[in-house]
Amino acid sequence: MISGWRTLCPAYTMRRYRPGALVISSARVLTNLLLAAMMSLASCDSGPSEPGGAGVRVVRGPEFSGVVAEQLDETFVVEFRGRDGKPLQNGEVVINCTRFEHPDEPCFLVRPLGSDDLTFYAFNTFVTDDRGRLTLESNFNTVAGTGWIRFRDLEGTVDDSVQFTARPGIPLGVRVAPADTSVRVGQAVSLRGRVIDGFGNERSEPVTWTVSGAAGELASPGVVRGLAHGRAKAKVTYSTFADSVYVSVVPDGVLATVHNYDGPGSQDRVHVINTDGSGRVGPVVSSTCIRNIGWAPAGDRLTYTRDENPFGCFDPRIFIATIATGAQTRLRPTLAPVLGESMGRMGWTGPWFYFVARTIGPNGELWRVKTDGDSAGRVGPVARDIDYDHFPSASPDGSEVVYSSQRDFEPAPRLRILTVATGAVRDHVAGGRVPSWSPDGTRIAYVRDGQFRVANVDLTGAELTFATPLAAGSAPPSWSPDGEWLVVTVGESTLGQISALVHVNSGLVLPLGWTRWYSSVAWKPVP
């Protein structure tokens with residue numbers, strides 16, 4: 001209650017809850033609130049008001065509690081008074097709920113009784129009558145919960161709030177979250193299952209849980225334990241309603257990945273995370289336009305390219321960061337003829353870092369530099385402005401480099417292999433791109449026609465093809481240290497990308513639901 005004005009309606013006094021906000025209090029318990037209002041209705045509507053300062057009071061009204069999307073049967077009356085304690089006659093006042101500023105919160109909507117405008121408003125300006133009052137109809141929006149409705153005049157003399165509660169509607173479904181998640185063998189992950197109304201509001205009724213598939217079991221309601229690599233299906237039911245999600249039971253491993261943000265000056269963030277999404281470290285690095293994440297052979301440092309311009313990705317340069325400290329080092333100075341550095345990766349054993357140098361227009365040449373920044377130089381053939389050599393990946397012994405190449409107006413890229421000592425180049429796979437050499441040196445993983453594939457280096461035997469939930473993205477696959485698994489990025493845009501683990505020999509694909517919004521994933525090269 002604003003100091004200096006006492007209400008004549010004890011059942012609807014307003015008390016200060018926080019600076020600028022008041023709530024309804026009652027001389028009786030909440031369950032008797034409506035009865036008290038009805039008993040005092042006559043005196044509240046017609047009795048004289050005591051003198052005092054500015055304020056607002058609910059002269060009569062409902063319990064301010066109902067079901068989402070429900071219009072309340074009872075109107076309510078609000079009275080405003082100015083600094084002189086007199087009714088704010090024909091004054092402009094503003095009524096709004098916090099949803100206007102916080103869209104995910106519940107809202108109490110109002111409109112004047114008898115108005116030609118049938119719209120219920122979350123925020124609007126209204127004009128009081130000659131007694132300083134408004135008679136209002138009201139209903140709730142579709143969000144359940146507790147919120148506030150705020151009353152104020154345009155001069156800020158009156159600024160008070162009343163609390164309301166919107167309850168969920170009748171049960172019309174169930175929901176389980178997260179949509180897809182991961183767990184390691186022998187570990188457990190907790191899921192959340194709830195009954196919901198027609199607007200997605202959660203109710204309190206319990207659900208029934210089941211888990212199917214040999215990969216997992218139900219350890220307790222809502223808890224799935226991983227038993228073997230594969231996909232377990234968790235299902236919740238209530239009455240005739242059901243919902244289900246999948247849990248990927250994944251191998252042990254550590255990944256480095258980039259959490260992407262969009263917009264000028266936004267910051268990408270590099271994290272180190274276990275394959276099941278646990279144990280996140282970082283951000284190790286936060287910067288603009290981080291791409292092409294990779295590991296140093298010892299697993300203690302990360303390599304990547306980023307732009308030093310906070311408003312674009314036009315001039316990427318190679319950096320290396322120490323995970324323990326987050327210290328970033330520019331791998332080499334800006335020296336002609338290199339105009340930009342991108343798509344770099346270190347060999348399995350070092351000490352060379354192979355990357356793509358832009359030397360003329362948008363072209364790409366194969367270069368390498370030692371991890372101490374020394375001995376930078378071109379190792380591939382000279383590239384004209386129409387030649388593009390991309391995504392180099394060195395063999396474990398460092399003698400050869402496989403890369404994606406498109407030269408002399410070729411209609412599509414293809415994989416080529418460079419012998420470092422001689423500079424000789426041989427064609428490998430037509431249509432291939434973003435290659436990655438296996439740790440045992442016998443196979444190359446790559447993308448062709450939107451699918452991930454693995455072929456022997458000598459091209460003997462059958463090519464392996466893997467069906468992923470989305471088309472292959474633009475990041476190269478990354479091998480596990482034992483050569484049994486690949487981590488791949490699927491989806492064609494940052495906003496639609498997720499990663500998945502692929503078992504090379506069996507073709508088993510395990511989507512990693514926690515990787516949405518992440519890209520450029522790389523498997524740590526040491527266990």
# chains A, B, ... in the order shown; residues from 1 in each chain; ligands from 1

$ select_by_dssp --residues "region 77-286 of chain A" --states "strand (DSSP E or B)" --output "count of residues only"
121

$ residues_around --residues "region 60-77 of chain A" --least-positions-apart "5" --cutoff "6 Å" --atoms "only C-alpha atoms" --output "list in words"
Leu134, Thr135, Leu136, Glu137, Ser138, Asn139, Phe140, Asn141, Thr142, Phe164, Thr165, Ala166, Arg167, Pro168 and Gly169 of chain A

$ closest_atom_pairs --of "region 391-494 of chain A" --to "region 503-508 of chain A" --cutoff "9 Å" --atoms "only C-alpha atoms" --output "tab-separated table"
residue	atom	partner	partner_atom	distance
A:Val454	CA	A:Val504	CA	7.8
A:Leu464	CA	A:Val504	CA	8.0
A:Thr465	CA	A:Gly507	CA	7.8
A:Phe466	CA	A:Gly507	CA	5.9
A:Ala467	CA	A:Gly507	CA	8.0
A:Gly483	CA	A:Val504	CA	8.1
A:Glu484	CA	A:Val504	CA	5.7
A:Trp485	CA	A:His503	CA	4.6
A:Leu486	CA	A:His503	CA	6.6

$ closest_residue --among "A:Ser474, A:Ser375, A:Asn260, A:Gln187" --to "Pro351 (chain A)" --atoms "only C-alpha atoms"
A:Ser375

$ residues_around --residues "region 436-445 of chain A" --least-positions-apart "5" --cutoff "7 Å" --atoms "only C-alpha atoms" --output "ChimeraX atom specification"
/A:348,393-396,453-457,476-479,481,483

$ write_last_selection --atoms "N, CA, C and O atoms" --output "PDB file, in the first residue's frame"
ATOM      1  N   TRP A 348      49.601 -36.875 -37.334  1.00  0.00           N
ATOM      2  CA  TRP A 348      49.395 -37.744 -36.172  1.00  0.00           C
ATOM      3  C   TRP A 348      50.585 -37.713 -35.219  1.00  0.00           C
ATOM      4  O   TRP A 348      50.435 -37.894 -34.013  1.00  0.00           O
ATOM      5  N   SER A 393      45.330 -33.632 -45.015  1.00  0.00           N
ATOM      6  CA  SER A 393      45.457 -34.549 -43.882  1.00  0.00           C
ATOM      7  C   SER A 393      46.660 -35.446 -44.139  1.00  0.00           C
ATOM      8  O   SER A 393      46.714 -36.160 -45.148  1.00  0.00           O
ATOM      9  N   ALA A 394      47.624 -35.396 -43.228  1.00  0.00           N
ATOM     10  CA  ALA A 394      48.876 -36.128 -43.422  1.00  0.00           C
ATOM     11  C   ALA A 394      48.744 -37.579 -42.992  1.00  0.00           C
ATOM     12  O   ALA A 394      47.991 -37.917 -42.064  1.00  0.00           O
ATOM     13  N   SER A 395      49.494 -38.457 -43.655  1.00  0.00           N
ATOM     14  CA  SER A 395      49.588 -39.855 -43.227  1.00  0.00           C
ATOM     15  C   SER A 395      50.323 -39.906 -41.892  1.00  0.00           C
ATOM     16  O   SER A 395      51.056 -38.977 -41.534  1.00  0.00           O
ATOM     17  N   PRO A 396      50.155 -40.994 -41.118  1.00  0.00           N
ATOM     18  CA  PRO A 396      50.806 -41.065 -39.798  1.00  0.00           C
ATOM     19  C   PRO A 396      52.317 -40.896 -39.849  1.00  0.00           C
ATOM     20  O   PRO A 396      52.913 -40.323 -38.934  1.00  0.00           O
ATOM     21  N   ARG A 453      32.224 -41.764 -46.156  1.00  0.00           N
ATOM     22  CA  ARG A 453      32.736 -43.000 -46.740  1.00  0.00           C
ATOM     23  C   ARG A 453      34.136 -43.262 -46.233  1.00  0.00           C
ATOM     24  O   ARG A 453      34.853 -42.341 -45.798  1.00  0.00           O
ATOM     25  N   VAL A 454      34.551 -44.515 -46.311  1.00  0.00           N
ATOM     26  CA  VAL A 454      35.910 -44.928 -45.955  1.00  0.00           C
ATOM     27  C   VAL A 454      36.415 -45.849 -47.059  1.00  0.00           C
ATOM     28  O   VAL A 454      35.724 -46.795 -47.466  1.00  0.00           O
ATOM     29  N   ALA A 455      37.626 -45.558 -47.528  1.00  0.00           N
ATOM     30  CA  ALA A 455      38.243 -46.391 -48.557  1.00  0.00           C
ATOM     31  C   ALA A 455      39.678 -46.700 -48.150  1.00  0.00           C
ATOM     32  O   ALA A 455      40.324 -45.916 -47.438  1.00  0.00           O
ATOM     33  N   ASN A 456      40.183 -47.852 -48.576  1.00  0.00           N
ATOM     34  CA  ASN A 456      41.591 -48.174 -48.365  1.00  0.00           C
ATOM     35  C   ASN A 456      42.461 -47.227 -49.185  1.00  0.00           C
ATOM     36  O   ASN A 456      42.098 -46.801 -50.287  1.00  0.00           O
ATOM     37  N   VAL A 457      43.621 -46.910 -48.631  1.00  0.00           N
ATOM     38  CA  VAL A 457      44.525 -46.010 -49.318  1.00  0.00           C
ATOM     39  C   VAL A 457      44.908 -46.576 -50.689  1.00  0.00           C
ATOM     40  O   VAL A 457      45.003 -45.835 -51.676  1.00  0.00           O
ATOM     41  N   PRO A 476      35.677 -32.077 -41.868  1.00  0.00           N
ATOM     42  CA  PRO A 476      36.217 -33.419 -42.116  1.00  0.00           C
ATOM     43  C   PRO A 476      35.920 -34.358 -40.959  1.00  0.00           C
ATOM     44  O   PRO A 476      35.864 -33.931 -39.800  1.00  0.00           O
ATOM     45  N   PRO A 477      35.714 -35.652 -41.231  1.00  0.00           N
ATOM     46  CA  PRO A 477      35.558 -36.625 -40.144  1.00  0.00           C
ATOM     47  C   PRO A 477      36.859 -36.728 -39.351  1.00  0.00           C
ATOM     48  O   PRO A 477      37.940 -36.437 -39.865  1.00  0.00           O
ATOM     49  N   SER A 478      36.734 -37.136 -38.092  1.00  0.00           N
ATOM     50  CA  SER A 478      37.903 -37.249 -37.225  1.00  0.00           C
ATOM     51  C   SER A 478      37.934 -38.645 -36.608  1.00  0.00           C
ATOM     52  O   SER A 478      36.929 -39.118 -36.070  1.00  0.00           O
ATOM     53  N   TRP A 479      39.091 -39.308 -36.690  1.00  0.00           N
ATOM     54  CA  TRP A 479      39.231 -40.691 -36.225  1.00  0.00           C
ATOM     55  C   TRP A 479      39.484 -40.760 -34.725  1.00  0.00           C
ATOM     56  O   TRP A 479      40.144 -39.892 -34.145  1.00  0.00           O
ATOM     57  N   PRO A 481      41.501 -42.661 -31.634  1.00  0.00           N
ATOM     58  CA  PRO A 481      42.897 -43.123 -31.612  1.00  0.00           C
ATOM     59  C   PRO A 481      43.065 -44.583 -32.019  1.00  0.00           C
ATOM     60  O   PRO A 481      44.098 -44.944 -32.593  1.00  0.00           O
ATOM     61  N   GLY A 483      41.248 -46.124 -34.239  1.00  0.00           N
ATOM     62  CA  GLY A 483      40.836 -46.303 -35.621  1.00  0.00           C
ATOM     63  C   GLY A 483      39.513 -47.018 -35.806  1.00  0.00           C
ATOM     64  O   GLY A 483      39.157 -47.358 -36.943  1.00  0.00           O
TER      65      GLY A 483
END

$ residues_around --residues "Leu331 (chain A)" --least-positions-apart "3" --cutoff "6 Å" --atoms "only C-alpha atoms" --output "list in words"
Ile318, Phe319 and Gly373 of chain A

$ atom_distance --atom1 "CA of Arg152 (chain A)" --atom2 "CA of Arg57 (chain A)"
11.2 Å

$ closest_atom_pairs --of "region 141-234 of chain A" --to "region 513-516 of chain A" --cutoff "12 Å" --atoms "only C-alpha atoms" --output "CSV"
residue,atom,partner,partner_atom,distance
A:Ala177,CA,A:Gly513,CA,11.0
A:Pro178,CA,A:Gly513,CA,8.3
A:Ala179,CA,A:Gly513,CA,7.3
A:Asp180,CA,A:Gly513,CA,4.8
A:Thr181,CA,A:Gly513,CA,4.9
A:Ser182,CA,A:Gly513,CA,7.0
A:Val183,CA,A:Trp514,CA,10.7

$ write_last_selection --atoms "N, CA, C and O atoms" --output "PDB file, in the first residue's frame"
ATOM      1  N   ALA A 177      12.273 -35.301 -22.080  1.00  0.00           N
ATOM      2  CA  ALA A 177      13.417 -34.481 -22.483  1.00  0.00           C
ATOM      3  C   ALA A 177      14.671 -34.957 -21.748  1.00  0.00           C
ATOM      4  O   ALA A 177      14.567 -35.551 -20.668  1.00  0.00           O
ATOM      5  N   PRO A 178      15.856 -34.701 -22.300  1.00  0.00           N
ATOM      6  CA  PRO A 178      16.104 -34.037 -23.587  1.00  0.00           C
ATOM      7  C   PRO A 178      15.711 -34.911 -24.758  1.00  0.00           C
ATOM      8  O   PRO A 178      15.528 -36.124 -24.615  1.00  0.00           O
ATOM      9  N   ALA A 179      15.589 -34.285 -25.947  1.00  0.00           N
ATOM     10  CA  ALA A 179      15.090 -34.998 -27.114  1.00  0.00           C
ATOM     11  C   ALA A 179      15.964 -36.195 -27.458  1.00  0.00           C
ATOM     12  O   ALA A 179      15.471 -37.269 -27.779  1.00  0.00           O
ATOM     13  N   ASP A 180      17.261 -36.038 -27.445  1.00  0.00           N
ATOM     14  CA  ASP A 180      18.214 -37.126 -27.652  1.00  0.00           C
ATOM     15  C   ASP A 180      19.442 -36.819 -26.815  1.00  0.00           C
ATOM     16  O   ASP A 180      19.898 -35.675 -26.767  1.00  0.00           O
ATOM     17  N   THR A 181      19.982 -37.850 -26.179  1.00  0.00           N
ATOM     18  CA  THR A 181      21.147 -37.636 -25.342  1.00  0.00           C
ATOM     19  C   THR A 181      22.067 -38.843 -25.446  1.00  0.00           C
ATOM     20  O   THR A 181      21.812 -39.776 -26.215  1.00  0.00           O
ATOM     21  N   SER A 182      23.142 -38.825 -24.664  1.00  0.00           N
ATOM     22  CA  SER A 182      24.162 -39.874 -24.757  1.00  0.00           C
ATOM     23  C   SER A 182      24.610 -40.297 -23.369  1.00  0.00           C
ATOM     24  O   SER A 182      24.496 -39.540 -22.400  1.00  0.00           O
ATOM     25  N   VAL A 183      25.152 -41.514 -23.304  1.00  0.00           N
ATOM     26  CA  VAL A 183      25.690 -42.042 -22.054  1.00  0.00           C
ATOM     27  C   VAL A 183      26.742 -43.087 -22.419  1.00  0.00           C
ATOM     28  O   VAL A 183      26.679 -43.696 -23.489  1.00  0.00           O
TER      29      VAL A 183
END

$ atom_distance --atom1 "CA of His271 (chain A)" --atom2 "CA of Ser248 (chain A)"
20.5 Å

$ decode --residues "region 386-429 of chain A" --atoms "C-alpha atoms" --output "compact mmCIF listing (two decimals), in the first residue's frame"
# COMPACT_ATOMS: atom_id res chain seq x y z
CA ILE A 386 41.18 -20.82 -60.36
CA ASP A 387 42.83 -23.70 -58.43
CA TYR A 388 41.61 -24.88 -55.04
CA ASP A 389 43.45 -27.38 -52.83
CA HIS A 390 41.63 -27.84 -49.51
CA PHE A 391 41.58 -29.80 -46.23
CA PRO A 392 45.01 -31.50 -46.13
CA SER A 393 45.46 -34.55 -43.88
CA ALA A 394 48.88 -36.13 -43.42
CA SER A 395 49.59 -39.86 -43.23
CA PRO A 396 50.81 -41.06 -39.80
CA ASP A 397 54.43 -41.21 -40.98
CA GLY A 398 54.17 -37.77 -42.58
CA SER A 399 55.36 -38.94 -45.99
CA GLU A 400 52.10 -38.22 -47.82
CA VAL A 401 49.19 -35.80 -47.61
CA VAL A 402 45.67 -36.44 -48.87
CA TYR A 403 43.58 -33.40 -49.80
CA SER A 404 40.53 -32.25 -51.73
CA SER A 405 41.44 -30.60 -55.02
CA GLN A 406 39.65 -28.82 -57.84
CA ARG A 407 41.85 -27.45 -60.62
CA ASP A 408 41.65 -26.32 -64.23
CA PHE A 409 37.88 -25.76 -64.10
CA GLU A 410 37.17 -29.32 -62.99
CA PRO A 411 33.38 -29.66 -62.47
CA ALA A 412 33.78 -31.26 -59.03
CA PRO A 413 36.53 -31.75 -56.43
CA ARG A 414 38.41 -35.02 -56.09
CA LEU A 415 40.85 -36.51 -53.60
CA ARG A 416 44.52 -36.31 -54.49
CA ILE A 417 47.57 -37.58 -52.60
CA LEU A 418 50.83 -35.64 -52.43
CA THR A 419 54.20 -37.33 -51.81
CA VAL A 420 55.95 -34.72 -49.68
CA ALA A 421 59.54 -35.64 -50.52
CA THR A 422 59.13 -35.45 -54.29
CA GLY A 423 56.10 -33.20 -54.78
CA ALA A 424 54.47 -35.86 -56.95
CA VAL A 425 50.63 -35.86 -56.97
CA ARG A 426 48.35 -38.77 -57.86
CA ASP A 427 44.58 -38.89 -58.20
CA HIS A 428 42.77 -40.93 -55.57
CA VAL A 429 38.93 -40.75 -55.45
